[in-house]
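Engineer: Here it is: the structure, laid out below.
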Amino acid sequence: MNGKILASALSLALVTLSPLAAHAGSGRAYLPYLGVASGTIYTQVTIANVTDRPVAVAVKFYDKSGTLLTTGVTTYDLPASGELAGKRSAAFTITGLPSNYGFGVIDWTNRAGEDDPVALVAHGVRQTTGAGGTTASEYSIPVNGGLPF
């Protein structure tokens, strides 16, 4: 009888914890808005790895029709490998496109054998440039409520 109780308790524990295990070691967050207009409006997104270990990062931006942006996106401080070192930051600027808006998706994964529950924080800013190149306005674009993901 004790064996059945132990087996039931173990099964319940595995079922209860399995959703957590599925999410550990990777994460996804959404940039809910980006806006661009050639020469006057651009969006900048900054991400930071809050862990001590490198993580693989993939960031994609989409326009209002859901088309992946393949031009107009400049990446800063993220190697071509997509691996962001621990305690490091990278930035992305979306500019130089015809007037458009859309959203972004930020994914990360641990390297083999590592299992962080969260690794990144991110934030976006939409800026409008006025006459003479001065900033006329800024709009904050929170990602994941400012919480790590």
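Going by the structure tokens order, chains are called A, B, ..., each with residues numbered from 1, while ligands are numbered from 1 in the order shown.
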Could you write out, as a PyMOL selection string, all the residues of chain A that DSSP marks as helix (DSSP H, G or I)?

Structural biologist: chain A and resi 2-23+131-133+144-146

Engineer: Those residues you just picked out, can you put them in a file as a PDB file, in the first residue's frame with N, CA and C atoms?

Structural biologist:
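File produced: again.pdb:
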ATOM      1  N   ASN A   2       1.933   1.277   0.799  1.00  0.00           N
ATOM      2  CA  ASN A   2       2.804   2.439   0.855  1.00  0.00           C
ATOM      3  C   ASN A   2       3.466   2.697  -0.499  1.00  0.00           C
ATOM      4  N   GLY A   3       3.757   1.622  -1.241  1.00  0.00           N
ATOM      5  CA  GLY A   3       4.347   1.763  -2.571  1.00  0.00           C
ATOM      6  C   GLY A   3       3.409   2.483  -3.515  1.00  0.00           C
ATOM      7  N   LYS A   4       2.103   2.215  -3.432  1.00  0.00           N
ATOM      8  CA  LYS A   4       1.130   2.895  -4.292  1.00  0.00           C
ATOM      9  C   LYS A   4       1.020   4.370  -3.936  1.00  0.00           C
ATOM     10  N   ILE A   5       1.066   4.678  -2.647  1.00  0.00           N
ATOM     11  CA  ILE A   5       0.992   6.071  -2.225  1.00  0.00           C
ATOM     12  C   ILE A   5       2.229   6.827  -2.701  1.00  0.00           C
ATOM     13  N   LEU A   6       3.390   6.214  -2.557  1.00  0.00           N
ATOM     14  CA  LEU A   6       4.627   6.840  -3.000  1.00  0.00           C
ATOM     15  C   LEU A   6       4.617   7.049  -4.513  1.00  0.00           C
ATOM     16  N   ALA A   7       4.163   6.048  -5.257  1.00  0.00           N
ATOM     17  CA  ALA A   7       4.091   6.155  -6.714  1.00  0.00           C
ATOM     18  C   ALA A   7       3.117   7.257  -7.119  1.00  0.00           C
ATOM     19  N   SER A   8       1.978   7.363  -6.430  1.00  0.00           N
ATOM     20  CA  SER A   8       1.003   8.404  -6.734  1.00  0.00           C
ATOM     21  C   SER A   8       1.570   9.785  -6.439  1.00  0.00           C
ATOM     22  N   ALA A   9       2.264   9.916  -5.310  1.00  0.00           N
ATOM     23  CA  ALA A   9       2.854  11.200  -4.950  1.00  0.00           C
ATOM     24  C   ALA A   9       3.927  11.610  -5.956  1.00  0.00           C
ATOM     25  N   LEU A  10       4.739  10.657  -6.384  1.00  0.00           N
ATOM     26  CA  LEU A  10       5.784  10.937  -7.361  1.00  0.00           C
ATOM     27  C   LEU A  10       5.165  11.353  -8.700  1.00  0.00           C
ATOM     28  N   SER A  11       4.122  10.649  -9.121  1.00  0.00           N
ATOM     29  CA  SER A  11       3.445  11.002 -10.377  1.00  0.00           C
ATOM     30  C   SER A  11       2.855  12.398 -10.305  1.00  0.00           C
ATOM     31  N   LEU A  12       2.221  12.726  -9.168  1.00  0.00           N
ATOM     32  CA  LEU A  12       1.636  14.048  -8.998  1.00  0.00           C
ATOM     33  C   LEU A  12       2.722  15.125  -9.036  1.00  0.00           C
ATOM     34  N   ALA A  13       3.850  14.877  -8.402  1.00  0.00           N
ATOM     35  CA  ALA A  13       4.953  15.836  -8.401  1.00  0.00           C
ATOM     36  C   ALA A  13       5.483  16.047  -9.813  1.00  0.00           C
ATOM     37  N   LEU A  14       5.637  15.003 -10.586  1.00  0.00           N
ATOM     38  CA  LEU A  14       6.133  15.129 -11.955  1.00  0.00           C
ATOM     39  C   LEU A  14       5.162  15.900 -12.830  1.00  0.00           C
ATOM     40  N   VAL A  15       3.882  15.633 -12.689  1.00  0.00           N
ATOM     41  CA  VAL A  15       2.868  16.336 -13.476  1.00  0.00           C
ATOM     42  C   VAL A  15       2.844  17.812 -13.093  1.00  0.00           C
ATOM     43  N   THR A  16       2.953  18.097 -11.804  1.00  0.00           N
ATOM     44  CA  THR A  16       2.918  19.473 -11.328  1.00  0.00           C
ATOM     45  C   THR A  16       4.139  20.255 -11.785  1.00  0.00           C
ATOM     46  N   LEU A  17       5.312  19.666 -11.766  1.00  0.00           N
ATOM     47  CA  LEU A  17       6.548  20.369 -12.100  1.00  0.00           C
ATOM     48  C   LEU A  17       6.881  20.364 -13.581  1.00  0.00           C
ATOM     49  N   SER A  18       6.287  19.512 -14.363  1.00  0.00           N
ATOM     50  CA  SER A  18       6.656  19.410 -15.772  1.00  0.00           C
ATOM     51  C   SER A  18       6.435  20.693 -16.559  1.00  0.00           C
ATOM     52  N   PRO A  19       5.381  21.498 -16.311  1.00  0.00           N
ATOM     53  CA  PRO A  19       5.287  22.760 -17.048  1.00  0.00           C
ATOM     54  C   PRO A  19       6.451  23.695 -16.755  1.00  0.00           C
ATOM     55  N   LEU A  20       6.985  23.690 -15.539  1.00  0.00           N
ATOM     56  CA  LEU A  20       8.125  24.529 -15.217  1.00  0.00           C
ATOM     57  C   LEU A  20       9.363  24.078 -15.957  1.00  0.00           C
ATOM     58  N   ALA A  21       9.555  22.795 -16.050  1.00  0.00           N
ATOM     59  CA  ALA A  21      10.728  22.261 -16.739  1.00  0.00           C
ATOM     60  C   ALA A  21      10.688  22.596 -18.220  1.00  0.00           C
ATOM     61  N   ALA A  22       9.500  22.657 -18.779  1.00  0.00           N
ATOM     62  CA  ALA A  22       9.378  22.946 -20.208  1.00  0.00           C
ATOM     63  C   ALA A  22       9.815  24.370 -20.531  1.00  0.00           C
ATOM     64  N   HIS A  23       9.722  25.280 -19.556  1.00  0.00           N
ATOM     65  CA  HIS A  23      10.047  26.672 -19.822  1.00  0.00           C
ATOM     66  C   HIS A  23      11.445  27.066 -19.354  1.00  0.00           C
ATOM     67  N   ALA A 131      13.191  69.187 -36.298  1.00  0.00           N
ATOM     68  CA  ALA A 131      14.071  70.002 -37.136  1.00  0.00           C
ATOM     69  C   ALA A 131      15.473  70.056 -36.539  1.00  0.00           C
ATOM     70  N   GLY A 132      16.479  69.951 -37.371  1.00  0.00           N
ATOM     71  CA  GLY A 132      17.860  70.023 -36.927  1.00  0.00           C
ATOM     72  C   GLY A 132      18.344  68.764 -36.231  1.00  0.00           C
ATOM     73  N   GLY A 133      17.558  67.681 -36.297  1.00  0.00           N
ATOM     74  CA  GLY A 133      17.974  66.414 -35.721  1.00  0.00           C
ATOM     75  C   GLY A 133      17.732  66.285 -34.226  1.00  0.00           C
ATOM     76  N   ASN A 144       7.611  42.817 -21.633  1.00  0.00           N
ATOM     77  CA  ASN A 144       7.350  41.899 -20.525  1.00  0.00           C
ATOM     78  C   ASN A 144       7.182  42.645 -19.199  1.00  0.00           C
ATOM     79  N   GLY A 145       6.604  43.829 -19.247  1.00  0.00           N
ATOM     80  CA  GLY A 145       6.384  44.605 -18.037  1.00  0.00           C
ATOM     81  C   GLY A 145       7.669  45.008 -17.337  1.00  0.00           C
ATOM     82  N   GLY A 146       8.792  44.989 -18.050  1.00  0.00           N
ATOM     83  CA  GLY A 146      10.081  45.325 -17.461  1.00  0.00           C
ATOM     84  C   GLY A 146      10.712  44.192 -16.670  1.00  0.00           C
TER      85      GLY A 146
END

Engineer: Excluding same-chain residues fewer than 2 positions from Tyr33 (chain A), what lies within 6 Å of it counting only C-alpha atoms, as a list in words?

Structural biologist: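 Near neighbours after the sequence-gap exclusion: Leu31, Gly102 and Phe103 of chain A.
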
Engineer: Quick one, how far is CA of Gly27 (chain A) from CA of Val73 (chain A)?

Structural biologist: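 Result for CA of Gly27 (chain A) versus CA of Val73 (chain A): 22.1 Å, one decimal.
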
Engineer: Mind checking DSSP for chain A and telling me the strand (DSSP E) residues as number ranges by chain?

Structural biologist: A: 26-36, 41-49, 55-63, 73-76, 83-84, 89-94, 100-110, 120-129, 135-142

Engineer: Within 10 Å of Thr128 (chain A), counting only C-alpha atoms, which residues show up once you throw out same-chain ones fewer than 4 positions away? Write them as a list in words, please.

Structural biologist: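 That gives Gly35, Val36, Ala37, Gly39, Thr40, Ile41, Tyr42, Thr43, Gly133, Thr134, Thr135, Ala136, Ser137, Glu138 and Tyr139 of chain A.
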
Engineer: Take the residues from that selection and write them out as a PDB file, in the first residue's frame, keeping C-alpha atoms.

Structural biologist:
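Result went into result.pdb, see below:
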ATOM      1  CA  GLY A  35       7.182  52.569 -35.449  1.00  0.00           C
ATOM      2  CA  VAL A  36       9.262  54.015 -38.264  1.00  0.00           C
ATOM      3  CA  ALA A  37       9.017  56.815 -40.802  1.00  0.00           C
ATOM      4  CA  GLY A  39      14.066  60.313 -41.520  1.00  0.00           C
ATOM      5  CA  THR A  40      11.732  61.273 -38.658  1.00  0.00           C
ATOM      6  CA  ILE A  41      10.642  58.265 -36.553  1.00  0.00           C
ATOM      7  CA  TYR A  42      12.683  55.286 -35.413  1.00  0.00           C
ATOM      8  CA  THR A  43      12.529  52.601 -32.737  1.00  0.00           C
ATOM      9  CA  GLY A 133      17.974  66.414 -35.721  1.00  0.00           C
ATOM     10  CA  THR A 134      16.752  67.144 -32.206  1.00  0.00           C
ATOM     11  CA  THR A 135      14.519  64.658 -30.405  1.00  0.00           C
ATOM     12  CA  ALA A 136      10.966  65.976 -30.567  1.00  0.00           C
ATOM     13  CA  SER A 137       9.338  63.162 -28.576  1.00  0.00           C
ATOM     14  CA  GLU A 138      10.011  59.753 -27.074  1.00  0.00           C
ATOM     15  CA  TYR A 139       7.632  56.922 -26.243  1.00  0.00           C
TER      16      TYR A 139
END
